[in-house]
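K.L.:
File name entry27.cif; file contents mmCIF, N, CA and C atoms; full text below.
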```
data_query
#
loop_
_atom_site.group_PDB
_atom_site.id
_atom_site.type_symbol
_atom_site.label_atom_id
_atom_site.label_comp_id
_atom_site.auth_asym_id
_atom_site.auth_seq_id
_atom_site.Cartn_x
_atom_site.Cartn_y
_atom_site.Cartn_z
ATOM 1 N N MET A 1 -2.794 217.253 46.583
ATOM 2 C CA MET A 1 -1.345 217.171 46.715
ATOM 3 C C MET A 1 -0.740 216.998 45.332
ATOM 4 N N TYR A 2 0.421 217.612 45.115
ATOM 5 C CA TYR A 2 1.112 217.509 43.833
ATOM 6 C C TYR A 2 1.813 216.168 43.715
ATOM 7 N N LYS A 3 1.858 215.640 42.504
ATOM 8 C CA LYS A 3 2.580 214.403 42.240
ATOM 9 C C LYS A 3 3.802 214.715 41.385
ATOM 10 N N LEU A 4 4.862 213.976 41.594
ATOM 11 C CA LEU A 4 6.086 214.156 40.832
ATOM 12 C C LEU A 4 5.910 213.542 39.448
ATOM 13 N N ASP A 5 6.150 214.318 38.423
ATOM 14 C CA ASP A 5 6.065 213.835 37.049
ATOM 15 C C ASP A 5 7.388 213.177 36.687
ATOM 16 N N LYS A 6 7.374 211.857 36.573
ATOM 17 C CA LYS A 6 8.604 211.114 36.309
ATOM 18 C C LYS A 6 8.832 210.872 34.823
ATOM 19 N N SER A 7 7.994 211.418 33.972
ATOM 20 C CA SER A 7 8.127 211.154 32.541
ATOM 21 C C SER A 7 9.290 211.930 31.911
ATOM 22 N N TYR A 8 9.834 212.942 32.580
ATOM 23 C CA TYR A 8 10.912 213.745 31.996
ATOM 24 C C TYR A 8 12.283 213.167 32.272
ATOM 25 N N SER A 9 12.400 212.210 33.183
ATOM 26 C CA SER A 9 13.709 211.666 33.527
ATOM 27 C C SER A 9 13.775 210.195 33.149
ATOM 28 N N LYS A 10 14.988 209.671 33.130
ATOM 29 C CA LYS A 10 15.180 208.264 32.797
ATOM 30 C C LYS A 10 16.407 207.752 33.528
ATOM 31 N N CYS A 11 16.505 206.443 33.663
ATOM 32 C CA CYS A 11 17.691 205.830 34.251
ATOM 33 C C CYS A 11 18.791 205.838 33.208
ATOM 34 N N GLN A 12 19.990 206.248 33.616
ATOM 35 C CA GLN A 12 21.107 206.307 32.689
ATOM 36 C C GLN A 12 22.408 206.135 33.449
ATOM 37 N N THR A 13 23.454 205.836 32.709
ATOM 38 C CA THR A 13 24.765 205.679 33.319
ATOM 39 C C THR A 13 25.396 207.062 33.517
ATOM 40 N N PHE A 14 26.500 207.104 34.241
ATOM 41 C CA PHE A 14 27.199 208.371 34.451
ATOM 42 C C PHE A 14 27.722 208.928 33.123
ATOM 43 N N ALA A 15 28.183 208.040 32.240
ATOM 44 C CA ALA A 15 28.702 208.496 30.942
ATOM 45 C C ALA A 15 27.587 209.121 30.110
ATOM 46 N N GLU A 16 26.400 208.522 30.117
ATOM 47 C CA GLU A 16 25.269 209.088 29.375
ATOM 48 C C GLU A 16 24.851 210.433 29.959
ATOM 49 N N ALA A 17 24.842 210.534 31.268
ATOM 50 C CA ALA A 17 24.470 211.794 31.911
ATOM 51 C C ALA A 17 25.491 212.879 31.597
ATOM 52 N N GLU A 18 26.779 212.518 31.582
ATOM 53 C CA GLU A 18 27.826 213.489 31.247
ATOM 54 C C GLU A 18 27.698 213.945 29.792
ATOM 55 N N ARG A 19 27.383 213.022 28.898
ATOM 56 C CA ARG A 19 27.219 213.368 27.489
ATOM 57 C C ARG A 19 26.020 214.294 27.298
ATOM 58 N N ASP A 20 24.951 214.075 28.039
ATOM 59 C CA ASP A 20 23.774 214.930 27.951
ATOM 60 C C ASP A 20 24.028 216.309 28.535
ATOM 61 N N ASN A 21 24.995 216.433 29.429
ATOM 62 C CA ASN A 21 25.275 217.688 30.126
ATOM 63 C C ASN A 21 26.342 218.537 29.452
ATOM 64 N N LEU A 22 26.935 218.081 28.359
ATOM 65 C CA LEU A 22 28.053 218.795 27.732
ATOM 66 C C LEU A 22 27.683 220.180 27.231
ATOM 67 N N PHE A 23 26.435 220.421 26.865
ATOM 68 C CA PHE A 23 26.082 221.731 26.326
ATOM 69 C C PHE A 23 26.280 222.836 27.353
ATOM 70 N N LEU A 24 26.201 222.538 28.619
ATOM 71 C CA LEU A 24 26.402 223.558 29.638
ATOM 72 C C LEU A 24 27.859 224.027 29.682
ATOM 73 N N LYS A 25 28.780 223.137 29.399
ATOM 74 C CA LYS A 25 30.200 223.490 29.472
ATOM 75 C C LYS A 25 30.623 224.370 28.302
ATOM 76 N N THR A 26 29.878 224.326 27.211
ATOM 77 C CA THR A 26 30.249 225.137 26.053
ATOM 78 C C THR A 26 29.697 226.551 26.152
ATOM 79 N N ASP A 27 28.720 226.790 27.007
ATOM 80 C CA ASP A 27 28.150 228.125 27.171
ATOM 81 C C ASP A 27 29.054 228.979 28.051
ATOM 82 N N SER A 28 29.076 230.274 27.790
ATOM 83 C CA SER A 28 29.863 231.176 28.632
ATOM 84 C C SER A 28 29.141 231.389 29.961
ATOM 85 N N LEU A 29 29.850 231.969 30.900
ATOM 86 C CA LEU A 29 29.266 232.205 32.219
ATOM 87 C C LEU A 29 28.053 233.124 32.130
ATOM 88 N N SER A 30 28.134 234.171 31.325
ATOM 89 C CA SER A 30 27.005 235.100 31.210
ATOM 90 C C SER A 30 25.783 234.408 30.591
ATOM 91 N N GLU A 31 26.005 233.497 29.641
ATOM 92 C CA GLU A 31 24.885 232.764 29.050
ATOM 93 C C GLU A 31 24.240 231.847 30.080
ATOM 94 N N ARG A 32 25.065 231.193 30.907
ATOM 95 C CA ARG A 32 24.518 230.324 31.949
ATOM 96 C C ARG A 32 23.747 231.127 32.987
ATOM 97 N N LEU A 33 24.232 232.316 33.348
ATOM 98 C CA LEU A 33 23.509 233.165 34.292
ATOM 99 C C LEU A 33 22.177 233.627 33.704
ATOM 100 N N ASN A 34 22.172 233.962 32.413
ATOM 101 C CA ASN A 34 20.924 234.342 31.755
ATOM 102 C C ASN A 34 19.939 233.192 31.734
ATOM 103 N N GLN A 35 20.425 231.982 31.489
ATOM 104 C CA GLN A 35 19.556 230.809 31.508
ATOM 105 C C GLN A 35 18.984 230.586 32.906
ATOM 106 N N GLY A 36 19.831 230.758 33.921
ATOM 107 C CA GLY A 36 19.363 230.599 35.302
ATOM 108 C C GLY A 36 18.328 231.643 35.674
ATOM 109 N N TRP A 37 18.543 232.898 35.266
ATOM 110 C CA TRP A 37 17.578 233.957 35.526
ATOM 111 C C TRP A 37 16.246 233.650 34.854
ATOM 112 N N TYR A 38 16.305 233.160 33.610
ATOM 113 C CA TYR A 38 15.085 232.841 32.883
ATOM 114 C C TYR A 38 14.300 231.739 33.601
ATOM 115 N N LEU A 39 14.994 230.687 34.035
ATOM 116 C CA LEU A 39 14.321 229.590 34.721
ATOM 117 C C LEU A 39 13.743 230.043 36.068
ATOM 118 N N ALA A 40 14.490 230.854 36.820
ATOM 119 C CA ALA A 40 13.993 231.354 38.102
ATOM 120 C C ALA A 40 12.788 232.265 37.902
ATOM 121 N N ALA A 41 12.829 233.105 36.867
ATOM 122 C CA ALA A 41 11.705 234.000 36.590
ATOM 123 C C ALA A 41 10.462 233.204 36.201
ATOM 124 N N MET A 42 10.642 232.156 35.408
ATOM 125 C CA MET A 42 9.502 231.319 35.023
ATOM 126 C C MET A 42 8.928 230.600 36.244
ATOM 127 N N ALA A 43 9.786 230.158 37.152
ATOM 128 C CA ALA A 43 9.325 229.450 38.344
ATOM 129 C C ALA A 43 8.511 230.361 39.259
ATOM 130 N N HIS A 44 8.850 231.657 39.292
ATOM 131 C CA HIS A 44 8.159 232.595 40.166
ATOM 132 C C HIS A 44 7.097 233.408 39.457
ATOM 133 N N GLY A 45 6.881 233.152 38.164
ATOM 134 C CA GLY A 45 5.835 233.845 37.425
ATOM 135 C C GLY A 45 6.168 235.288 37.091
ATOM 136 N N ILE A 46 7.448 235.581 36.882
ATOM 137 C CA ILE A 46 7.894 236.944 36.556
ATOM 138 C C ILE A 46 8.244 236.982 35.073
ATOM 139 N N ASP A 47 7.935 238.080 34.422
ATOM 140 C CA ASP A 47 8.346 238.259 33.038
ATOM 141 C C ASP A 47 9.855 238.522 33.041
ATOM 142 N N PRO A 48 10.679 237.623 32.482
ATOM 143 C CA PRO A 48 12.130 237.797 32.567
ATOM 144 C C PRO A 48 12.652 238.983 31.767
ATOM 145 N N TYR A 49 11.903 239.455 30.797
ATOM 146 C CA TYR A 49 12.367 240.564 29.963
ATOM 147 C C TYR A 49 11.859 241.905 30.468
ATOM 148 N N ASN A 50 10.918 241.897 31.418
ATOM 149 C CA ASN A 50 10.388 243.122 31.992
ATOM 150 C C ASN A 50 10.132 242.884 33.483
ATOM 151 N N PRO A 51 11.194 242.750 34.304
ATOM 152 C CA PRO A 51 11.002 242.442 35.720
ATOM 153 C C PRO A 51 10.376 243.629 36.454
ATOM 154 N N PRO A 52 9.676 243.352 37.559
ATOM 155 C CA PRO A 52 9.085 244.456 38.326
ATOM 156 C C PRO A 52 10.160 245.312 38.982
ATOM 157 N N LYS A 53 9.840 246.563 39.196
ATOM 158 C CA LYS A 53 10.778 247.484 39.843
ATOM 159 C C LYS A 53 10.877 247.150 41.328
ATOM 160 N N MET A 54 12.054 247.339 41.883
ATOM 161 C CA MET A 54 12.257 247.100 43.300
ATOM 162 C C MET A 54 11.712 248.283 44.089
ATOM 163 N N GLU A 55 10.989 247.989 45.159
ATOM 164 C CA GLU A 55 10.469 249.060 45.999
ATOM 165 C C GLU A 55 11.603 249.593 46.870
ATOM 166 N N ARG A 56 11.967 250.836 46.660
ATOM 167 C CA ARG A 56 13.103 251.426 47.360
ATOM 168 C C ARG A 56 12.830 251.616 48.850
ATOM 169 N N ARG A 57 11.564 251.744 49.228
ATOM 170 C CA ARG A 57 11.271 251.974 50.646
ATOM 171 C C ARG A 57 11.485 250.713 51.491
ATOM 172 N N LEU A 58 11.636 249.555 50.836
ATOM 173 C CA LEU A 58 11.869 248.315 51.566
ATOM 174 C C LEU A 58 13.343 248.075 51.853
ATOM 175 N N VAL A 59 14.204 248.861 51.227
ATOM 176 C CA VAL A 59 15.643 248.683 51.367
ATOM 177 C C VAL A 59 16.236 249.922 52.020
ATOM 178 N N SER A 60 17.054 249.700 53.039
ATOM 179 C CA SER A 60 17.731 250.841 53.659
ATOM 180 C C SER A 60 19.236 250.553 53.702
ATOM 181 N N ILE A 61 20.014 251.596 53.500
ATOM 182 C CA ILE A 61 21.465 251.468 53.520
ATOM 183 C C ILE A 61 21.967 252.310 54.686
ATOM 184 N N ARG A 62 22.736 251.664 55.552
ATOM 185 C CA ARG A 62 23.283 252.374 56.706
ATOM 186 C C ARG A 62 24.795 252.170 56.743
ATOM 187 N N LYS A 63 25.493 253.209 57.191
ATOM 188 C CA LYS A 63 26.928 253.115 57.337
ATOM 189 C C LYS A 63 27.212 252.698 58.781
ATOM 190 N N HIS A 64 28.025 251.664 58.920
ATOM 191 C CA HIS A 64 28.353 251.179 60.251
ATOM 192 C C HIS A 64 29.433 252.063 60.876
ATOM 193 N N ALA A 65 29.195 252.468 62.092
ATOM 194 C CA ALA A 65 30.172 253.288 62.829
ATOM 195 C C ALA A 65 31.216 252.354 63.450
ATOM 196 N N LYS A 66 32.466 252.762 63.373
ATOM 197 C CA LYS A 66 33.538 251.933 63.965
ATOM 198 C C LYS A 66 34.122 252.587 65.165
#
```
What would you get if you wrote out this structure as structure tokens?
P.N.:
Amino acid sequence: MYKLDKSYSKCQTFAEAERDNLFLKTDSLSERLNQGWYLAAMAHGIDPYNPPKMERRLVSIRKHAK
């Protein structure tokens, strides 16, 4: 079973946590999305700079009749 590694976090006040989080507010939306993509790719073991191609046969597009 996996154990939670508690060495990366610490107890802090709300003001300290807000001060540590300020760098996110200075980044643009596209930079934050790129950071999120990078973290998600690392979590799933995907190369973020060379993602696998999507299999087109798994996706179908249909027009709904009204």
K.L.:
Chain A: which residues are helix (DSSP H, G or I) by DSSP, as a ChimeraX atom specification?
P.N.:
/A:6-8,14-20,22-26,29-44,56-58
K.L.:
Once 4 Å is added on each side, what are the centre and the three edge lengths, in Å to one decimal, of the axis-aligned box enclosing the listed atoms of region 12-26 of chain A? Present them as AutoDock Vina command-line options.
P.N.:
```
--center_x 25.3 --center_y 216.1 --center_z 30.3 --size_x 18.6 --size_y 28.9 --size_z 16.4
```
K.L.:
In Å, rounded to a single decimal, give me how far CA of Arg57 (chain A) is from atom N of Ala43 (chain A).
P.N.:
25.7 Å
K.L.:
Please indicate the distance in Å from atom N of Gly45 (chain A) to CA of Ser9 (chain A), rounded to one decimal place.
P.N.:
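According to the coordinates, atom N of Gly45 (chain A) and CA of Ser9 (chain A) are separated by 23.0 Å.
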